[in-house]
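What follows is the content of query06.csv (CSV, C-alpha atoms).
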chain,number,residue,atom,x,y,z
A,1,ALA,CA,-6.0,-2.5,-24.8
A,2,GLN,CA,-3.9,-4.1,-22.0
A,3,SER,CA,-5.1,-4.1,-18.4
A,4,VAL,CA,-4.1,-5.6,-15.1
A,5,THR,CA,-6.2,-6.6,-12.2
A,6,GLN,CA,-5.0,-7.2,-8.7
A,7,PRO,CA,-8.0,-8.6,-6.9
A,8,ASP,CA,-6.8,-8.1,-3.4
A,9,ILE,CA,-6.5,-4.5,-2.1
A,10,HIS,CA,-5.1,-5.6,1.3
A,11,ILE,CA,-3.5,-8.8,2.4
A,12,THR,CA,-2.5,-9.6,6.0
A,13,VAL,CA,0.0,-12.3,6.9
A,14,SER,CA,2.0,-13.3,9.9
A,15,GLU,CA,5.7,-13.0,9.8
A,16,GLY,CA,7.2,-16.3,8.6
A,17,ALA,CA,4.1,-17.3,6.8
A,18,SER,CA,4.0,-17.8,3.0
A,19,LEU,CA,2.6,-15.2,0.7
A,20,GLU,CA,0.8,-15.2,-2.7
A,21,LEU,CA,-0.3,-11.9,-4.3
A,22,ARG,CA,-2.6,-12.3,-7.3
A,23,CYS,CA,-2.3,-10.6,-10.7
A,24,ASN,CA,-4.5,-11.1,-13.8
A,25,TYR,CA,-3.7,-9.4,-17.0
A,26,SER,CA,-5.5,-8.8,-20.3
A,27,TYR,CA,-3.3,-8.6,-23.4
A,28,GLY,CA,-3.7,-9.8,-27.0
A,29,ALA,CA,-0.3,-11.6,-27.2
A,30,THR,CA,2.2,-12.9,-24.8
A,31,PRO,CA,2.9,-9.9,-22.5
A,32,TYR,CA,5.9,-8.6,-20.7
A,33,LEU,CA,5.0,-8.8,-17.0
A,34,PHE,CA,6.5,-7.1,-14.0
A,35,TRP,CA,6.2,-6.9,-10.2
A,36,TYR,CA,7.2,-3.8,-8.3
A,37,VAL,CA,7.3,-3.0,-4.7
A,38,GLN,CA,6.8,0.5,-3.2
A,39,SER,CA,7.7,1.2,0.4
A,40,PRO,CA,6.1,4.2,2.2
A,41,GLY,CA,7.5,7.4,0.9
A,42,GLN,CA,9.6,5.7,-1.8
A,43,GLY,CA,9.4,5.1,-5.5
A,44,LEU,CA,8.9,1.7,-7.1
A,45,GLN,CA,11.5,-1.0,-7.1
A,46,LEU,CA,11.5,-3.8,-9.7
A,47,LEU,CA,11.2,-7.2,-8.0
A,48,LEU,CA,11.1,-9.4,-11.1
A,49,LYS,CA,10.0,-9.6,-14.7
A,50,TYR,CA,8.9,-12.1,-17.3
A,51,PHE,CA,9.5,-11.9,-21.0
A,52,SER,CA,9.6,-15.4,-22.2
A,53,GLY,CA,11.0,-18.9,-21.5
A,54,ASP,CA,10.8,-20.5,-18.1
A,55,THR,CA,7.4,-19.5,-16.6
A,56,LEU,CA,8.8,-19.5,-13.0
A,57,VAL,CA,10.8,-16.3,-12.5
A,58,GLN,CA,13.1,-15.6,-9.6
A,59,GLY,CA,13.4,-12.1,-8.3
A,60,ILE,CA,15.1,-10.1,-5.6
A,61,LYS,CA,14.4,-10.4,-1.9
A,62,GLY,CA,13.4,-14.0,-2.2
A,63,PHE,CA,10.3,-13.4,-4.4
A,64,GLU,CA,9.3,-15.5,-7.3
A,65,ALA,CA,6.4,-15.4,-9.8
A,66,GLU,CA,4.8,-17.9,-12.1
A,67,PHE,CA,3.3,-17.0,-15.5
A,68,LYS,CA,0.3,-19.1,-16.4
A,69,ARG,CA,-1.0,-18.3,-19.9
A,70,SER,CA,-4.1,-20.4,-19.5
A,71,GLN,CA,-5.2,-18.4,-16.5
A,72,SER,CA,-3.8,-15.0,-17.7
A,73,SER,CA,-2.1,-14.8,-14.3
A,74,PHE,CA,1.3,-13.8,-12.9
A,75,ASN,CA,1.1,-14.4,-9.2
A,76,LEU,CA,3.9,-13.3,-6.9
A,77,ARG,CA,5.0,-15.7,-4.1
A,78,LYS,CA,7.4,-15.7,-1.2
A,79,PRO,CA,7.8,-18.8,1.1
A,80,SER,CA,8.5,-16.9,4.3
A,81,VAL,CA,7.5,-13.3,4.8
A,82,HIS,CA,9.6,-10.8,6.8
A,83,TRP,CA,8.3,-7.8,8.6
A,84,SER,CA,10.3,-5.6,6.2
A,85,ASP,CA,8.2,-7.0,3.3
A,86,ALA,CA,5.3,-4.8,4.4
A,87,ALA,CA,4.7,-2.5,1.4
A,88,GLU,CA,2.5,-1.9,-1.6
A,89,TYR,CA,3.0,-4.3,-4.5
A,90,PHE,CA,2.2,-3.5,-8.1
A,91,CYS,CA,1.8,-5.8,-11.0
A,92,ALA,CA,2.4,-4.3,-14.5
A,93,VAL,CA,2.1,-5.3,-18.1
A,94,GLY,CA,4.1,-3.9,-21.0
A,95,ALA,CA,3.5,-4.4,-24.7
A,96,THR,CA,6.0,-6.7,-26.4
A,97,GLY,CA,8.6,-4.9,-28.3
A,98,GLY,CA,9.3,-1.2,-28.6
A,99,SER,CA,9.1,1.4,-25.8
A,100,TYR,CA,8.1,0.6,-22.3
A,101,ILE,CA,4.7,2.0,-21.5
A,102,PRO,CA,3.4,0.0,-18.6
A,103,THR,CA,-0.1,-0.5,-17.4
A,104,PHE,CA,-0.2,-1.0,-13.7
A,105,GLY,CA,-2.6,-2.8,-11.4
A,106,ARG,CA,-4.1,-0.8,-8.5
A,107,GLY,CA,-1.8,-2.5,-6.1
A,108,THR,CA,-2.0,-4.8,-3.1
A,109,SER,CA,-1.1,-3.5,0.3
A,110,LEU,CA,0.8,-6.2,2.4
A,111,ILE,CA,0.5,-6.0,6.1
A,112,VAL,CA,2.8,-8.2,8.2
A,113,HIS,CA,1.9,-9.1,11.7
A,114,PRO,CA,4.7,-10.1,14.1
B,1,LYS,CA,26.2,5.0,-8.7
B,2,ALA,CA,23.7,7.6,-7.6
B,3,GLY,CA,20.1,6.7,-8.1
B,4,VAL,CA,17.3,8.8,-9.7
B,5,THR,CA,16.8,12.0,-7.8
B,6,GLN,CA,13.7,14.2,-7.9
B,7,THR,CA,13.3,17.7,-6.6
B,8,PRO,CA,11.6,19.1,-4.8
B,9,ARG,CA,10.3,16.2,-2.7
B,10,TYR,CA,7.2,18.1,-1.5
B,11,LEU,CA,5.4,21.0,-3.0
B,12,ILE,CA,2.2,22.9,-2.1
B,13,LYS,CA,0.5,25.1,-4.7
B,14,THR,CA,-2.8,26.7,-5.2
B,15,ARG,CA,-5.3,26.2,-8.0
B,16,GLY,CA,-4.4,28.1,-11.1
B,17,GLN,CA,-0.7,28.2,-10.5
B,18,GLN,CA,1.8,26.3,-12.4
B,19,VAL,CA,4.6,24.0,-11.2
B,20,THR,CA,7.8,22.5,-12.5
B,21,LEU,CA,9.3,19.3,-11.2
B,22,SER,CA,12.8,18.1,-11.9
B,23,CYS,CA,14.3,14.6,-12.4
B,24,SER,CA,17.9,13.7,-12.7
B,25,PRO,CA,18.4,10.2,-14.1
B,26,ILE,CA,21.0,7.6,-13.4
B,27,SER,CA,24.2,8.5,-15.2
B,28,GLY,CA,24.2,6.9,-18.6
B,29,HIS,CA,20.5,6.6,-18.8
B,30,ARG,CA,18.9,8.3,-21.8
B,31,SER,CA,15.3,7.6,-21.2
B,32,VAL,CA,13.2,9.3,-18.6
B,33,SER,CA,9.5,8.5,-17.9
B,34,TRP,CA,7.0,10.3,-15.7
B,35,TYR,CA,4.1,8.8,-13.8
B,36,GLN,CA,1.3,10.2,-11.8
B,37,GLN,CA,0.2,8.2,-8.7
B,38,THR,CA,-3.2,9.0,-7.0
B,39,PRO,CA,-5.4,7.0,-4.7
B,40,GLY,CA,-8.2,7.3,-7.2
B,41,GLN,CA,-6.6,6.5,-10.5
B,42,GLY,CA,-3.5,4.6,-9.3
B,43,LEU,CA,-0.3,4.7,-11.3
B,44,GLN,CA,-0.6,6.3,-14.7
B,45,PHE,CA,2.0,6.9,-17.4
B,46,LEU,CA,2.4,10.5,-18.3
B,47,PHE,CA,5.2,10.6,-20.9
B,48,GLU,CA,8.6,9.4,-21.9
B,49,TYR,CA,11.6,11.3,-23.2
B,50,PHE,CA,14.6,10.0,-25.0
B,51,SER,CA,17.4,12.0,-26.4
B,52,GLU,CA,15.6,15.3,-25.7
B,53,THR,CA,12.5,14.1,-27.6
B,54,GLN,CA,9.1,13.2,-26.3
B,55,ARG,CA,8.7,9.7,-27.6
B,56,ASN,CA,5.5,8.5,-25.9
B,57,LYS,CA,2.7,10.2,-24.2
B,58,GLY,CA,-0.1,9.0,-22.0
B,59,ASN,CA,-3.7,10.2,-21.9
B,60,PHE,CA,-3.3,13.5,-20.0
B,61,PRO,CA,-4.4,17.0,-21.0
B,62,GLY,CA,-2.1,19.4,-22.6
B,63,ARG,CA,-1.6,21.2,-19.2
B,64,PHE,CA,1.0,18.5,-18.6
B,65,SER,CA,4.2,18.9,-20.5
B,66,GLY,CA,7.8,18.1,-20.1
B,67,ARG,CA,11.2,18.4,-21.6
B,68,GLN,CA,14.6,16.7,-21.5
B,69,PHE,CA,17.9,18.4,-21.6
B,70,SER,CA,21.1,17.2,-23.3
B,71,ASN,CA,22.4,15.7,-20.1
B,72,SER,CA,19.2,13.6,-19.9
B,73,ARG,CA,17.8,15.6,-16.9
B,74,SER,CA,14.1,16.1,-17.3
B,75,GLU,CA,11.5,18.6,-16.1
B,76,MET,CA,7.8,18.2,-16.0
B,77,ASN,CA,5.5,21.2,-16.0
B,78,VAL,CA,1.8,21.4,-15.0
B,79,SER,CA,0.0,24.6,-15.8
B,80,THR,CA,-3.2,25.9,-14.4
B,81,LEU,CA,-3.2,23.5,-11.5
B,82,GLU,CA,-6.4,21.8,-10.5
B,83,LEU,CA,-7.3,20.1,-7.2
B,84,GLY,CA,-7.2,16.8,-9.0
B,85,ASP,CA,-3.5,17.3,-9.9
B,86,SER,CA,-2.6,16.5,-6.3
B,87,ALA,CA,-0.6,13.4,-6.5
B,88,LEU,CA,2.8,11.7,-6.2
B,89,TYR,CA,4.7,12.3,-9.4
B,90,LEU,CA,7.3,9.6,-10.1
B,91,CYS,CA,10.2,9.8,-12.5
B,92,ALA,CA,12.0,6.7,-13.8
B,93,SER,CA,15.0,6.3,-15.9
B,94,SER,CA,16.4,3.5,-18.0
B,95,LEU,CA,19.1,3.0,-20.5
B,96,ALA,CA,17.0,3.4,-23.7
B,97,GLY,CA,13.4,3.1,-22.6
B,98,GLN,CA,12.8,-0.3,-24.2
B,99,VAL,CA,10.5,-2.7,-22.5
B,100,THR,CA,13.4,-5.0,-21.9
B,101,ASP,CA,15.3,-2.3,-20.0
B,102,THR,CA,15.0,-2.1,-16.2
B,103,GLN,CA,13.4,1.2,-15.0
B,104,TYR,CA,14.7,2.8,-11.9
B,105,PHE,CA,12.4,5.0,-10.0
B,106,GLY,CA,13.0,8.1,-8.0
B,107,PRO,CA,11.3,8.7,-4.6
B,108,GLY,CA,8.8,11.1,-6.2
B,109,THR,CA,7.6,14.6,-5.7
B,110,ARG,CA,4.4,14.9,-3.6
B,111,LEU,CA,2.3,17.8,-5.0
B,112,THR,CA,-0.6,19.2,-3.0
B,113,VAL,CA,-2.9,21.6,-4.8
B,114,LEU,CA,-5.1,23.8,-2.4
Please express what this file holds, its structure, as structure tokens.
Amino acid sequence: AQSVTQPDIHITVSEGASLELRCNYSYGATPYLFWYVQSPGQGLQLLLKYFSGDTLVQGIKGFEAEFKRSQSSFNLRKPSVHWSDAAEYFCAVGATGGSYIPTFGRGTSLIVHP
Amino acid sequence: KAGVTQTPRYLIKTRGQQVTLSCSPISGHRSVSWYQQTPGQGLQFLFEYFSETQRNKGNFPGRFSGRQFSNSRSEMNVSTLELGDSALYLCASSLAGQVTDTQYFGPGTRLTVL
């Protein structure tokens, strides 16, 4: 069975600082990996996804993520955080091929200090 | 293009009642998925409908059901409500529900069971 672990429940950064949110997955083959963001009172928005190929994936809002098979990780990064990035971030894994039935991590809440 | 809309946005019910939530997907999208989000269990997949047929189902009791209409709009029904059903219910639509399709989420319906 597939699973996702986001080890950090909360992360606090200062505006302008760099950010890395951790995600570890468990899946028998090369997974499809996703990062979503959820602002208060909103649904989820896809930031980026990895299916295959280049292990460094660029997404929207200046985010990127790197797939590391040896570490079963798919960490999300941003070089300079803006106050508007404060939100909940979810990593998800989907089985390769067929319908999309994602398994989500528990989420990391990002707090941005001015 | 209009996004995914969910109605109502907020709902308060009492134990034992039933509730119906509605989701209108993005025009042209034929797949609609439903998710439950709670602080305790996180984000969990409920079911997915494609072309008026339930194609995938998560691990939820039979009290949770849904349907999809010919215009791709979907409804989710929960019968005999329990306190634990209090949650944010998210709907997402995609072109065909494949793992390679991007899912677009609605803002959710916040259900409170008293």
Kindly give the distance, in Å, that separates CA of Val112 (chain A) and CA of Phe105 (chain B), rounded to a single decimal. 24.4 Å
Between CA of Ser72 (chain B) and CA of Ser24 (chain B) - distance in Å to one decimal: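 About the pair CA of Ser24 (chain B) and CA of Ser72 (chain B): they are 7.3 Å apart.
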Calculated over all atoms listed in the file, which of the candidates B:Tyr104, B:Trp34, B:Phe64, B:Tyr10 has the smallest distance to chain A?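 Among the listed residues, the smallest separation from chain A belongs to B:Tyr104.
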Give me, as a short mmCIF file (atom, residue, chain, number, x, y, z; two decimals) with C-alpha atoms, in the coordinates of the input, the residues of chain B touching chain A, with the criterion being at most 12 Å (counting all atoms listed in the file).
data_model
loop_
_atom_site.label_atom_id
_atom_site.label_comp_id
_atom_site.auth_asym_id
_atom_site.auth_seq_id
_atom_site.Cartn_x
_atom_site.Cartn_y
_atom_site.Cartn_z
CA GLY B 3 20.10 6.70 -8.10
CA VAL B 4 17.30 8.80 -9.70
CA THR B 5 16.80 12.00 -7.80
CA GLN B 6 13.70 14.20 -7.90
CA ARG B 9 10.30 16.20 -2.70
CA TYR B 10 7.20 18.10 -1.50
CA SER B 31 15.30 7.60 -21.20
CA VAL B 32 13.20 9.30 -18.60
CA SER B 33 9.50 8.50 -17.90
CA TRP B 34 7.00 10.30 -15.70
CA TYR B 35 4.10 8.80 -13.80
CA GLN B 36 1.30 10.20 -11.80
CA GLN B 37 0.20 8.20 -8.70
CA THR B 38 -3.20 9.00 -7.00
CA PRO B 39 -5.40 7.00 -4.70
CA GLY B 40 -8.20 7.30 -7.20
CA GLN B 41 -6.60 6.50 -10.50
CA GLY B 42 -3.50 4.60 -9.30
CA LEU B 43 -0.30 4.70 -11.30
CA GLN B 44 -0.60 6.30 -14.70
CA PHE B 45 2.00 6.90 -17.40
CA LEU B 46 2.40 10.50 -18.30
CA PHE B 47 5.20 10.60 -20.90
CA GLU B 48 8.60 9.40 -21.90
CA TYR B 49 11.60 11.30 -23.20
CA PHE B 50 14.60 10.00 -25.00
CA GLN B 54 9.10 13.20 -26.30
CA ARG B 55 8.70 9.70 -27.60
CA ASN B 56 5.50 8.50 -25.90
CA LYS B 57 2.70 10.20 -24.20
CA GLY B 58 -0.10 9.00 -22.00
CA ASN B 59 -3.70 10.20 -21.90
CA LEU B 88 2.80 11.70 -6.20
CA TYR B 89 4.70 12.30 -9.40
CA LEU B 90 7.30 9.60 -10.10
CA CYS B 91 10.20 9.80 -12.50
CA ALA B 92 12.00 6.70 -13.80
CA SER B 93 15.00 6.30 -15.90
CA SER B 94 16.40 3.50 -18.00
CA LEU B 95 19.10 3.00 -20.50
CA ALA B 96 17.00 3.40 -23.70
CA GLY B 97 13.40 3.10 -22.60
CA GLN B 98 12.80 -0.30 -24.20
CA VAL B 99 10.50 -2.70 -22.50
CA THR B 100 13.40 -5.00 -21.90
CA ASP B 101 15.30 -2.30 -20.00
CA THR B 102 15.00 -2.10 -16.20
CA GLN B 103 13.40 1.20 -15.00
CA TYR B 104 14.70 2.80 -11.90
CA PHE B 105 12.40 5.00 -10.00
CA GLY B 106 13.00 8.10 -8.00
CA PRO B 107 11.30 8.70 -4.60
CA GLY B 108 8.80 11.10 -6.20
CA THR B 109 7.60 14.60 -5.70
CA ARG B 110 4.40 14.90 -3.60
#
Radius query 10 Å about (16.1, 16.1, -19.9), atoms used: only C-alpha atoms, as a list in words: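 Answer for this query, in the requested form: Ser22, Cys23, Ser24, Pro25, Arg30, Ser31, Val32, Tyr49, Phe50, Ser51, Glu52, Thr53, Gln54, Gly66, Arg67, Gln68, Phe69, Ser70, Asn71, Ser72, Arg73, Ser74, Glu75 and Met76 of chain B.
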Return the single residue from B:Ser86, B:Leu111, B:Asn77, B:Phe60 that is closest to Pro8 (chain B), with distances computed using only C-alpha atoms.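 Among the listed residues, the smallest separation from Pro8 (chain B) belongs to B:Leu111.
Closest approach to Ala87 (chain A) among A:Thr30, A:Ala17, A:Arg22, A:Ser109 is made by A:Ser109 (distances from only C-alpha atoms).
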Just the residues within 12 Å of Arg69 (chain A), please, counting only C-alpha atoms, with nothing from its chain fewer than 5 positions along; format it as a list in words. Asn24, Tyr25, Ser26, Tyr27, Gly28, Ala29, Thr30, Pro31, Tyr32, Leu33, Tyr50, Ser52, Thr55, Phe74 and Asn75 of chain A
Just to confirm, what's the straight-line distance from CA of Lys61 (chain A) to CA of His29 (chain B) in Å (one decimal)?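 So the two atoms, CA of Lys61 (chain A) and CA of His29 (chain B), lie 24.7 Å apart.
Among the candidates B:Ala2, B:Ala87, B:Val19, B:Leu11, the residue lying nearest to Arg63 (chain B) is B:Val19 (atoms considered: all atoms listed in the file).
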Find the spatial neighbours of Thr80 (chain B), counting only C-alpha atoms, within a cut-off of 12 Å - ignore same-chain residues fewer than 5 positions away - and output them as a PyMOL selection string. chain B and resi 13-20+61-65+85+113
Take region 81-96 of chain B, bring it up to N, CA and C atoms, and give me the output as a PDB file, in the frame of the given file.
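Written output follows (selection_21.pdb):
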ATOM      1  N   LEU B  81      -2.987  24.660 -12.426  1.00  0.00           N
ATOM      2  CA  LEU B  81      -3.200  23.500 -11.500  1.00  0.00           C
ATOM      3  C   LEU B  81      -4.666  23.400 -11.098  1.00  0.00           C
ATOM      4  N   GLU B  82      -5.109  22.161 -11.020  1.00  0.00           N
ATOM      5  CA  GLU B  82      -6.400  21.800 -10.500  1.00  0.00           C
ATOM      6  C   GLU B  82      -6.269  20.968  -9.255  1.00  0.00           C
ATOM      7  N   LEU B  83      -7.331  20.932  -8.443  1.00  0.00           N
ATOM      8  CA  LEU B  83      -7.300  20.100  -7.200  1.00  0.00           C
ATOM      9  C   LEU B  83      -6.910  18.682  -7.513  1.00  0.00           C
ATOM     10  N   GLY B  84      -7.427  18.192  -8.623  1.00  0.00           N
ATOM     11  CA  GLY B  84      -7.200  16.800  -9.000  1.00  0.00           C
ATOM     12  C   GLY B  84      -5.776  16.481  -9.399  1.00  0.00           C
ATOM     13  N   ASP B  85      -4.947  17.506  -9.518  1.00  0.00           N
ATOM     14  CA  ASP B  85      -3.500  17.300  -9.900  1.00  0.00           C
ATOM     15  C   ASP B  85      -2.714  16.891  -8.650  1.00  0.00           C
ATOM     16  N   SER B  86      -3.320  16.978  -7.477  1.00  0.00           N
ATOM     17  CA  SER B  86      -2.600  16.500  -6.300  1.00  0.00           C
ATOM     18  C   SER B  86      -2.272  15.073  -6.400  1.00  0.00           C
ATOM     19  N   ALA B  87      -1.003  14.772  -6.283  1.00  0.00           N
ATOM     20  CA  ALA B  87      -0.600  13.400  -6.500  1.00  0.00           C
ATOM     21  C   ALA B  87       0.908  13.264  -6.194  1.00  0.00           C
ATOM     22  N   LEU B  88       1.368  12.025  -6.234  1.00  0.00           N
ATOM     23  CA  LEU B  88       2.800  11.700  -6.200  1.00  0.00           C
ATOM     24  C   LEU B  88       3.264  11.592  -7.622  1.00  0.00           C
ATOM     25  N   TYR B  89       4.228  12.386  -8.016  1.00  0.00           N
ATOM     26  CA  TYR B  89       4.700  12.300  -9.400  1.00  0.00           C
ATOM     27  C   TYR B  89       6.091  11.588  -9.338  1.00  0.00           C
ATOM     28  N   LEU B  90       6.123  10.489 -10.041  1.00  0.00           N
ATOM     29  CA  LEU B  90       7.300   9.600 -10.100  1.00  0.00           C
ATOM     30  C   LEU B  90       8.036   9.759 -11.390  1.00  0.00           C
ATOM     31  N   CYS B  91       9.334   9.781 -11.288  1.00  0.00           N
ATOM     32  CA  CYS B  91      10.200   9.800 -12.500  1.00  0.00           C
ATOM     33  C   CYS B  91      10.958   8.471 -12.466  1.00  0.00           C
ATOM     34  N   ALA B  92      11.191   7.940 -13.645  1.00  0.00           N
ATOM     35  CA  ALA B  92      12.000   6.700 -13.800  1.00  0.00           C
ATOM     36  C   ALA B  92      12.925   6.828 -14.929  1.00  0.00           C
ATOM     37  N   SER B  93      14.099   6.279 -14.786  1.00  0.00           N
ATOM     38  CA  SER B  93      15.000   6.300 -15.900  1.00  0.00           C
ATOM     39  C   SER B  93      15.472   4.901 -16.283  1.00  0.00           C
ATOM     40  N   SER B  94      15.857   4.762 -17.532  1.00  0.00           N
ATOM     41  CA  SER B  94      16.400   3.500 -18.000  1.00  0.00           C
ATOM     42  C   SER B  94      17.396   3.806 -19.136  1.00  0.00           C
ATOM     43  N   LEU B  95      18.111   2.791 -19.544  1.00  0.00           N
ATOM     44  CA  LEU B  95      19.100   3.000 -20.500  1.00  0.00           C
ATOM     45  C   LEU B  95      18.576   3.589 -21.840  1.00  0.00           C
ATOM     46  N   ALA B  96      17.539   2.920 -22.365  1.00  0.00           N
ATOM     47  CA  ALA B  96      17.000   3.400 -23.700  1.00  0.00           C
ATOM     48  C   ALA B  96      15.499   3.344 -23.719  1.00  0.00           C
TER      49      ALA B  96
END
